[in-house]
Amino acid sequence: MNDKFDAFQKEHEELLPISIRTCEVVKNEIEKLFLDEGISLGFPIQTRVKKWESIFDKVNSGRFNIKKSIKELQDLIGLRVILLFKTDVEKVSKLLSKTFNEVKIHNTIDKLQNNQFGYSSIHIIGRIPQEWTSVPSYKELDNIKFEIQIRTLSQHMWAEVSNTFQYKQEESVPKELLRSIGRASALLEIVDLEFDRLLIERSDYKHEINLSNIETKKLTLNVDILSATLDKALPIQNKDENEDYAGLLKDLNESEINTLEELQLLINENLEKALDEDIKMVESASKPNSNFSINDRIRIRNEGVFFSHEGLVRTMLDIKNPNLIFPEEDEPFDF
């Protein structure tokens, strides 16, 4: 038995570089897919390659029996995708199933009755498609299976709490605590439902906004009216994927621009000058030995612009009132 474990440990060490690389490739591909599809994460994607000690404990405790190779493990490579919205779970599941060579997929909720609570998550066991391995840096990466867990933020909270208490199923819970555990589980499920409802209501609201309507022009600005206005009025190539509409709205309010009509007036009077400033910044950044960051230079090279939408608006505010100084944001310390 010891010789067998020694062989498995040696195999684990040999597979470690490929496992780490596979993990990175899968993570990067998922992040790109989510960016293209506009899918919101609750946390950055979590990854891990199972340590030998964990494999040994799993086999030693009888939870898994390795026959010939540790590549039999479905979760040698593990990734956890935590989503903000439950409505995205099925969409993500289908998206990943089409992207990777799927071995199998299962939903833990299928094991529960309507009156039961428990851990809820979708698990996809897959491989990197063989055609990817034609790229030299992806060679042999299709040899190892990986497991992707998909859950919402609320489901993740429940999973972590139930794991701490070891209350993974109803039978594990003392009868005296069943009502409290049931309430907590129900509340977290309601959070998911209400977030999905909010998402639908927000989408409906954004579709109903008519920026040319006289009554709408009198409305107080909010982040949705602001984003819709800038999308319509400013060049699309200037738009950044991480526009801080909430921060920009605060600066507009500080400048006493509070309504859609006032914002449109600011844009109409100052957009041309702001775009001229954008051209100057691009020219300055293109000079040899410029002090612009790598990200700025990449943006300029790819899009031919410097300012984002919020950058253009703040430039307009500066043109309108050169003496205006915005207060600094209170931010938590970075560790």
# chains A, B, ... in the order shown; residues from 1 in each chain; ligands from 1

$ residues_around --residues "Lys51 in chain A" --least-positions-apart "4" --cutoff "10 Å" --atoms "only C-alpha atoms" --output "list in words"
Gln9, His12, Glu13, Leu16, Ile55, Phe56, Leu76 and Ile77 of chain A

$ write_last_selection --atoms "N, CA and C atoms" --output "PDB file, in the first residue's frame"
ATOM      1  N   GLN A   9       1.885   9.805  -5.211  1.00  0.00           N
ATOM      2  CA  GLN A   9       2.467  11.089  -4.807  1.00  0.00           C
ATOM      3  C   GLN A   9       3.451  11.593  -5.857  1.00  0.00           C
ATOM      4  N   HIS A  12       1.520  12.952  -8.719  1.00  0.00           N
ATOM      5  CA  HIS A  12       0.977  14.268  -8.369  1.00  0.00           C
ATOM      6  C   HIS A  12       2.033  15.351  -8.587  1.00  0.00           C
ATOM      7  N   GLU A  13       3.249  15.091  -8.160  1.00  0.00           N
ATOM      8  CA  GLU A  13       4.336  16.061  -8.331  1.00  0.00           C
ATOM      9  C   GLU A  13       4.618  16.308  -9.813  1.00  0.00           C
ATOM     10  N   LEU A  16       1.819  18.435 -11.392  1.00  0.00           N
ATOM     11  CA  LEU A  16       1.556  19.745 -10.788  1.00  0.00           C
ATOM     12  C   LEU A  16       1.727  20.911 -11.770  1.00  0.00           C
ATOM     13  N   ILE A  55      -5.452  14.747  -1.070  1.00  0.00           N
ATOM     14  CA  ILE A  55      -5.737  13.514  -1.808  1.00  0.00           C
ATOM     15  C   ILE A  55      -5.528  12.308  -0.905  1.00  0.00           C
ATOM     16  N   PHE A  56      -4.448  12.314  -0.149  1.00  0.00           N
ATOM     17  CA  PHE A  56      -4.138  11.209   0.758  1.00  0.00           C
ATOM     18  C   PHE A  56      -5.255  11.031   1.787  1.00  0.00           C
ATOM     19  N   LEU A  76      -9.234  17.280  -9.153  1.00  0.00           N
ATOM     20  CA  LEU A  76      -7.814  17.564  -8.950  1.00  0.00           C
ATOM     21  C   LEU A  76      -7.583  19.061  -9.171  1.00  0.00           C
ATOM     22  N   ILE A  77      -8.277  19.595 -10.176  1.00  0.00           N
ATOM     23  CA  ILE A  77      -8.289  21.040 -10.430  1.00  0.00           C
ATOM     24  C   ILE A  77      -9.693  21.542 -10.108  1.00  0.00           C
TER      25      ILE A  77
END

$ select_by_dssp --residues "range 126-179 of chain A" --states "strand (DSSP E)" --output "PyMOL selection string"
chain A and resi 126-127+146-152

$ closest_atom_pairs --of "range 135-186 of chain A" --to "range 191-206 of chain A" --cutoff "12 Å" --atoms "only C-alpha atoms" --output "CSV"
residue,atom,partner,partner_atom,distance
A:Arg151,CA,A:Asp192,CA,10.8
A:Thr152,CA,A:Asp192,CA,7.6
A:Leu153,CA,A:Asp192,CA,8.3
A:Ser154,CA,A:Asp192,CA,6.6
A:Gln155,CA,A:Asp192,CA,8.5
A:His156,CA,A:Asp192,CA,11.3
A:Met157,CA,A:Val191,CA,11.4
A:Trp158,CA,A:Val191,CA,11.8
A:Ala184,CA,A:Val191,CA,10.7
A:Ser185,CA,A:Val191,CA,10.1
A:Ala186,CA,A:Val191,CA,8.7

$ select_by_dssp --residues "range 246-294 of chain A" --states "alpha helix (DSSP H)" --output "MDAnalysis selection string"
chainID A and resid 246:254 260:285 294

$ write_last_selection --atoms "C-alpha atoms" --output "PDB file, in the first residue's frame"
ATOM      1  CA  ALA A 246     -21.903  56.548  -9.115  1.00  0.00           C
ATOM      2  CA  GLY A 247     -18.685  58.546  -8.602  1.00  0.00           C
ATOM      3  CA  LEU A 248     -19.361  60.672 -11.676  1.00  0.00           C
ATOM      4  CA  LEU A 249     -22.919  61.373 -10.502  1.00  0.00           C
ATOM      5  CA  LYS A 250     -21.526  62.665  -7.211  1.00  0.00           C
ATOM      6  CA  ASP A 251     -19.148  65.014  -9.066  1.00  0.00           C
ATOM      7  CA  LEU A 252     -21.984  66.263 -11.273  1.00  0.00           C
ATOM      8  CA  ASN A 253     -24.076  67.001  -8.187  1.00  0.00           C
ATOM      9  CA  GLU A 254     -21.107  68.859  -6.668  1.00  0.00           C
ATOM     10  CA  LEU A 260     -31.004  65.260 -17.306  1.00  0.00           C
ATOM     11  CA  GLU A 261     -31.631  68.628 -18.946  1.00  0.00           C
ATOM     12  CA  GLU A 262     -28.632  70.185 -17.164  1.00  0.00           C
ATOM     13  CA  LEU A 263     -26.422  67.235 -18.145  1.00  0.00           C
ATOM     14  CA  GLN A 264     -27.463  67.463 -21.799  1.00  0.00           C
ATOM     15  CA  LEU A 265     -26.715  71.188 -21.765  1.00  0.00           C
ATOM     16  CA  LEU A 266     -23.220  70.507 -20.359  1.00  0.00           C
ATOM     17  CA  ILE A 267     -22.570  67.956 -23.125  1.00  0.00           C
ATOM     18  CA  ASN A 268     -23.954  70.128 -25.929  1.00  0.00           C
ATOM     19  CA  GLU A 269     -21.804  73.099 -24.905  1.00  0.00           C
ATOM     20  CA  ASN A 270     -18.538  71.291 -24.122  1.00  0.00           C
ATOM     21  CA  LEU A 271     -18.307  67.924 -25.934  1.00  0.00           C
ATOM     22  CA  GLU A 272     -16.347  69.250 -28.906  1.00  0.00           C
ATOM     23  CA  LYS A 273     -13.748  70.880 -26.622  1.00  0.00           C
ATOM     24  CA  ALA A 274     -13.501  67.712 -24.521  1.00  0.00           C
ATOM     25  CA  LEU A 275     -12.875  65.609 -27.634  1.00  0.00           C
ATOM     26  CA  ASP A 276     -10.125  68.063 -28.651  1.00  0.00           C
ATOM     27  CA  GLU A 277      -8.517  67.481 -25.242  1.00  0.00           C
ATOM     28  CA  ASP A 278      -8.794  63.729 -25.842  1.00  0.00           C
ATOM     29  CA  ILE A 279      -6.884  64.088 -29.110  1.00  0.00           C
ATOM     30  CA  LYS A 280      -4.159  66.097 -27.340  1.00  0.00           C
ATOM     31  CA  MET A 281      -3.816  63.372 -24.686  1.00  0.00           C
ATOM     32  CA  VAL A 282      -3.487  60.686 -27.362  1.00  0.00           C
ATOM     33  CA  GLU A 283      -0.790  62.715 -29.124  1.00  0.00           C
ATOM     34  CA  SER A 284       1.059  63.303 -25.858  1.00  0.00           C
ATOM     35  CA  ALA A 285       0.929  59.637 -24.882  1.00  0.00           C
ATOM     36  CA  ILE A 294       1.001  50.745 -19.828  1.00  0.00           C
TER      37      ILE A 294
END

$ closest_residue --among "A:Thr216, A:Asp75, A:Gly304, A:His309" --to "Lys58 in chain A" --atoms "only C-alpha atoms"
A:Asp75

$ closest_residue --among "A:Leu141, A:Leu96, A:Leu219, A:Leu84" --to "Ile20 in chain A" --atoms "only C-alpha atoms"
A:Leu141

$ decode --residues "range 221-300 of chain A" --atoms "C-alpha atoms" --output "PDB file, in the first residue's frame"
ATOM      1  CA  LEU A 221     -30.215  62.277 -12.484  1.00  0.00           C
ATOM      2  CA  ASN A 222     -29.521  58.725 -11.328  1.00  0.00           C
ATOM      3  CA  VAL A 223     -26.884  56.229 -12.474  1.00  0.00           C
ATOM      4  CA  ASP A 224     -29.224  54.580 -14.997  1.00  0.00           C
ATOM      5  CA  ILE A 225     -30.270  57.853 -16.646  1.00  0.00           C
ATOM      6  CA  LEU A 226     -26.617  58.948 -16.589  1.00  0.00           C
ATOM      7  CA  SER A 227     -25.297  55.777 -18.253  1.00  0.00           C
ATOM      8  CA  ALA A 228     -28.080  55.813 -20.891  1.00  0.00           C
ATOM      9  CA  THR A 229     -27.388  59.478 -21.672  1.00  0.00           C
ATOM     10  CA  LEU A 230     -23.647  59.014 -22.048  1.00  0.00           C
ATOM     11  CA  ASP A 231     -24.110  55.901 -24.212  1.00  0.00           C
ATOM     12  CA  LYS A 232     -26.252  57.959 -26.575  1.00  0.00           C
ATOM     13  CA  ALA A 233     -24.289  61.234 -26.544  1.00  0.00           C
ATOM     14  CA  LEU A 234     -20.623  60.179 -26.369  1.00  0.00           C
ATOM     15  CA  PRO A 235     -18.458  58.160 -28.809  1.00  0.00           C
ATOM     16  CA  ILE A 236     -18.758  54.431 -28.172  1.00  0.00           C
ATOM     17  CA  GLN A 237     -14.984  53.900 -28.503  1.00  0.00           C
ATOM     18  CA  ASN A 238     -14.422  56.033 -25.411  1.00  0.00           C
ATOM     19  CA  LYS A 239     -16.607  53.845 -23.215  1.00  0.00           C
ATOM     20  CA  ASP A 240     -14.699  51.821 -20.628  1.00  0.00           C
ATOM     21  CA  GLU A 241     -15.958  48.500 -19.290  1.00  0.00           C
ATOM     22  CA  ASN A 242     -15.632  49.802 -15.710  1.00  0.00           C
ATOM     23  CA  GLU A 243     -17.262  53.235 -15.850  1.00  0.00           C
ATOM     24  CA  ASP A 244     -17.828  54.617 -12.324  1.00  0.00           C
ATOM     25  CA  TYR A 245     -21.250  56.171 -12.845  1.00  0.00           C
ATOM     26  CA  ALA A 246     -21.903  56.548  -9.115  1.00  0.00           C
ATOM     27  CA  GLY A 247     -18.685  58.546  -8.602  1.00  0.00           C
ATOM     28  CA  LEU A 248     -19.361  60.672 -11.676  1.00  0.00           C
ATOM     29  CA  LEU A 249     -22.919  61.373 -10.502  1.00  0.00           C
ATOM     30  CA  LYS A 250     -21.526  62.665  -7.211  1.00  0.00           C
ATOM     31  CA  ASP A 251     -19.148  65.014  -9.066  1.00  0.00           C
ATOM     32  CA  LEU A 252     -21.984  66.263 -11.273  1.00  0.00           C
ATOM     33  CA  ASN A 253     -24.076  67.001  -8.187  1.00  0.00           C
ATOM     34  CA  GLU A 254     -21.107  68.859  -6.668  1.00  0.00           C
ATOM     35  CA  SER A 255     -21.144  70.979  -9.853  1.00  0.00           C
ATOM     36  CA  GLU A 256     -24.874  71.628  -9.409  1.00  0.00           C
ATOM     37  CA  ILE A 257     -25.819  69.481 -12.380  1.00  0.00           C
ATOM     38  CA  ASN A 258     -28.733  67.490 -11.022  1.00  0.00           C
ATOM     39  CA  THR A 259     -31.158  66.910 -13.887  1.00  0.00           C
ATOM     40  CA  LEU A 260     -31.004  65.260 -17.306  1.00  0.00           C
ATOM     41  CA  GLU A 261     -31.631  68.628 -18.946  1.00  0.00           C
ATOM     42  CA  GLU A 262     -28.632  70.185 -17.164  1.00  0.00           C
ATOM     43  CA  LEU A 263     -26.422  67.235 -18.145  1.00  0.00           C
ATOM     44  CA  GLN A 264     -27.463  67.463 -21.799  1.00  0.00           C
ATOM     45  CA  LEU A 265     -26.715  71.188 -21.765  1.00  0.00           C
ATOM     46  CA  LEU A 266     -23.220  70.507 -20.359  1.00  0.00           C
ATOM     47  CA  ILE A 267     -22.570  67.956 -23.125  1.00  0.00           C
ATOM     48  CA  ASN A 268     -23.954  70.128 -25.929  1.00  0.00           C
ATOM     49  CA  GLU A 269     -21.804  73.099 -24.905  1.00  0.00           C
ATOM     50  CA  ASN A 270     -18.538  71.291 -24.122  1.00  0.00           C
ATOM     51  CA  LEU A 271     -18.307  67.924 -25.934  1.00  0.00           C
ATOM     52  CA  GLU A 272     -16.347  69.250 -28.906  1.00  0.00           C
ATOM     53  CA  LYS A 273     -13.748  70.880 -26.622  1.00  0.00           C
ATOM     54  CA  ALA A 274     -13.501  67.712 -24.521  1.00  0.00           C
ATOM     55  CA  LEU A 275     -12.875  65.609 -27.634  1.00  0.00           C
ATOM     56  CA  ASP A 276     -10.125  68.063 -28.651  1.00  0.00           C
ATOM     57  CA  GLU A 277      -8.517  67.481 -25.242  1.00  0.00           C
ATOM     58  CA  ASP A 278      -8.794  63.729 -25.842  1.00  0.00           C
ATOM     59  CA  ILE A 279      -6.884  64.088 -29.110  1.00  0.00           C
ATOM     60  CA  LYS A 280      -4.159  66.097 -27.340  1.00  0.00           C
ATOM     61  CA  MET A 281      -3.816  63.372 -24.686  1.00  0.00           C
ATOM     62  CA  VAL A 282      -3.487  60.686 -27.362  1.00  0.00           C
ATOM     63  CA  GLU A 283      -0.790  62.715 -29.124  1.00  0.00           C
ATOM     64  CA  SER A 284       1.059  63.303 -25.858  1.00  0.00           C
ATOM     65  CA  ALA A 285       0.929  59.637 -24.882  1.00  0.00           C
ATOM     66  CA  SER A 286       2.247  58.604 -28.299  1.00  0.00           C
ATOM     67  CA  LYS A 287       5.462  60.587 -27.884  1.00  0.00           C
ATOM     68  CA  PRO A 288       8.688  58.726 -26.995  1.00  0.00           C
ATOM     69  CA  ASN A 289       9.438  58.509 -23.244  1.00  0.00           C
ATOM     70  CA  SER A 290       5.907  59.568 -22.266  1.00  0.00           C
ATOM     71  CA  ASN A 291       4.958  59.019 -18.627  1.00  0.00           C
ATOM     72  CA  PHE A 292       1.627  57.376 -19.408  1.00  0.00           C
ATOM     73  CA  SER A 293       0.892  53.984 -17.853  1.00  0.00           C
ATOM     74  CA  ILE A 294       1.001  50.745 -19.828  1.00  0.00           C
ATOM     75  CA  ASN A 295      -2.800  50.409 -19.544  1.00  0.00           C
ATOM     76  CA  ASP A 296      -3.269  53.909 -20.954  1.00  0.00           C
ATOM     77  CA  ARG A 297      -0.957  53.175 -23.873  1.00  0.00           C
ATOM     78  CA  ILE A 298      -2.743  49.883 -24.593  1.00  0.00           C
ATOM     79  CA  ARG A 299      -6.108  51.672 -24.574  1.00  0.00           C
ATOM     80  CA  ILE A 300      -4.770  54.355 -26.910  1.00  0.00           C
TER      81      ILE A 300
END
